[in-house]
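Here's the structure we're looking at; comments come further down.
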Amino acid sequence: MRKHIIRKDSQDVIPPDQNWLDLENLAQAELTSEDVSYPIESALKPNEGPGWRASEPGQQTIRLLFDKPLRVRRVRLVFHEDEQERTHEFVLRWSSDGGQSYREIVRQQYNFSLPDNTREIENYTVDLVGLTALELSIVPDISGGRARASIAQLRLA
């Protein structure tokens with residue numbers, strides 16, 4: 001039996017053996033808004049910066065348009081909220097025709113409740129053949145509050 005003791009906070013660490021794609025060099029990002037202190041690049045690079053955050057409240061979209069079609073088998077999303085309790089919803093979609101049409105991968109809601117539930121970590125096993133566009137739509141507060149959409153990590157492998 002092989003064993004490995006993990007620390008309680010180890011869920012925040014991306015396993016080093018993953019072949020995460022260099023999204024910054026493989027895609028162009030389209031954003032509905034962006035806080036200059038929280039650029040999309042910091043959500044796409046492992047262990048760099050605070051992640052992306054919108055410059056204004058309300059529903060936001062992040063779209064990655066890839067330079068050439070890819071095959072993706074894993075998607076990892078990490079959301080973090082330690083300022084206010086809220087329920088957010090996100091929808092992740094993909095396209096194989098340059099964004100002309102999209103197919104939904106997942107639609108999910110999550111309740112952030114301080115101080116215990118401040119981080120949502122999602123790992124999806126997928127088989128996206130010919131991926132040319134990936135779209136993440138976030139409603140930061142389904143009750144219509146003033147929260148701004150954010151994502152700490154967006155990784156593909």
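Identifiers for the structure tokens are assigned positionally: chains receive A, B, ... in sequence, residues are indexed from 1 per chain, and ligands are indexed from 1 in the order shown.
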
From a DSSP pass on the backbone, collect the residues of chain A flagged as helix (DSSP H, G or I) and hand them back as a list in words.
-> Lys8, Asp9, Ser10, Gln11, Asp12, Leu23, Glu24, Asn25, Leu26, Glu41, Ser42, Ala43 and Leu44 of chain A

Point to revise | Shell around A:Gln60 at 10 Å using only C-alpha atoms, local window under 4 positions removed, as a count of residues only | key: 17

Report task. Based on DSSP run over this structure's backbone, return all residues of stretch 21-115 of chain A in strand (DSSP E), as number ranges by chain. Result -> A: 27-31, 52-53, 60-80, 86-95, 103-112

message = If we count only C-alpha atoms and set the cut-off at 7 Å, which residues sit around A:Arg86, ignoring sequence neighbours fewer than 5 positions away in its own chain? Please answer as JSON, numbers by chain.
response = {"A": [111, 112, 113, 141]}

Generate the output file for the selected residues, N, CA and C atoms, as a compact mmCIF listing (two decimals), in the first residue's frame.
# COMPACT_ATOMS: atom_id res chain seq x y z
N ASN A 111 -22.45 28.09 -2.54
CA ASN A 111 -22.69 29.03 -1.46
C ASN A 111 -21.39 29.32 -0.72
N PHE A 112 -20.96 30.55 -0.76
CA PHE A 112 -19.82 30.99 0.05
C PHE A 112 -20.40 31.47 1.38
N SER A 113 -19.95 30.87 2.47
CA SER A 113 -20.40 31.30 3.79
C SER A 113 -19.17 31.40 4.70
N ASP A 141 -23.47 36.86 -7.72
CA ASP A 141 -24.45 36.81 -6.63
C ASP A 141 -25.82 36.63 -7.25

Residue nearest A:Ile121 among A:Leu77, A:Ala147, A:Ala157, A:Ala43 (counting only C-alpha atoms)
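Comparing A:Leu77, A:Ala147, A:Ala157, A:Ala43 against A:Ile121, the winner is A:Leu77.
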
- prompt: Looking at A:Asp97, A:Glu48, A:Asp116, A:Glu104, which one is nearest to A:His80, with distances taken over only C-alpha atoms?
  reply: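 Going through A:Asp97, A:Glu48, A:Asp116, A:Glu104 one by one, the smallest distance to A:His80 is for A:Asp116.
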
Stretch 101-126 of chain A near stretch 66-72 of chain A within 12 Å: what's each residue's closest atom pair and its distance in Å to one decimal, counting only C-alpha atoms, ordered by chain then ascending residue number, as a Markdown table?
| residue | atom | partner | partner_atom | distance |
| --- | --- | --- | --- | --- |
| A:Tyr124 | CA | A:Val72 | CA | 10.6 |
| A:Thr125 | CA | A:Val72 | CA | 9.0 |
| A:Val126 | CA | A:Val72 | CA | 6.9 |

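Distances here use only C-alpha atoms; by that measure, the residue among A:Glu120, A:Arg73, A:Gln59, A:Asp35 closest to A:Val91 is A:Gln59.
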
Quick check, in Å to one decimal: how far apart do atom CA of A:Glu24 and atom CA of A:Gln100 lie?
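Distance reported for this atom pair: 22.2 Å.
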
May I have the residues within 10 Å of A:Arg155 as a ChimeraX atom specification, using only C-alpha atoms and disregarding those fewer than 5 positions away in the same chain?
/A:14,19-23,43-46,74-78,123

Can you write just those residues out, C-alpha atoms, as a CSV table (one decimal), in the first residue's frame?
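What ended up in part21.csv:
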chain,number,residue,atom,x,y,z
A,14,ILE,CA,-2.1,21.8,-8.0
A,19,ASN,CA,0.6,18.8,-17.8
A,20,TRP,CA,-1.2,22.1,-17.5
A,21,LEU,CA,-1.4,24.0,-20.8
A,22,ASP,CA,0.3,27.4,-21.2
A,23,LEU,CA,-3.0,29.3,-21.8
A,43,ALA,CA,-5.7,33.2,-13.0
A,44,LEU,CA,-4.1,31.3,-15.9
A,45,LYS,CA,-0.6,30.9,-14.5
A,46,PRO,CA,0.1,28.4,-11.8
A,74,ARG,CA,-9.1,18.2,-17.6
A,75,VAL,CA,-10.5,21.5,-16.4
A,76,ARG,CA,-9.7,22.9,-13.0
A,77,LEU,CA,-11.5,26.0,-11.6
A,78,VAL,CA,-10.9,27.6,-8.2
A,123,ASN,CA,-11.9,19.4,-11.2

Between atom CA of A:Ala29 and atom CA of A:Leu156, measure the distance and give it in Å to one decimal.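 Between these atoms lies a distance of 14.3 Å.
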
In Å and to one decimal, atom CA of A:Leu65 is distant from atom CA of A:Ala133 by 4.5 Å
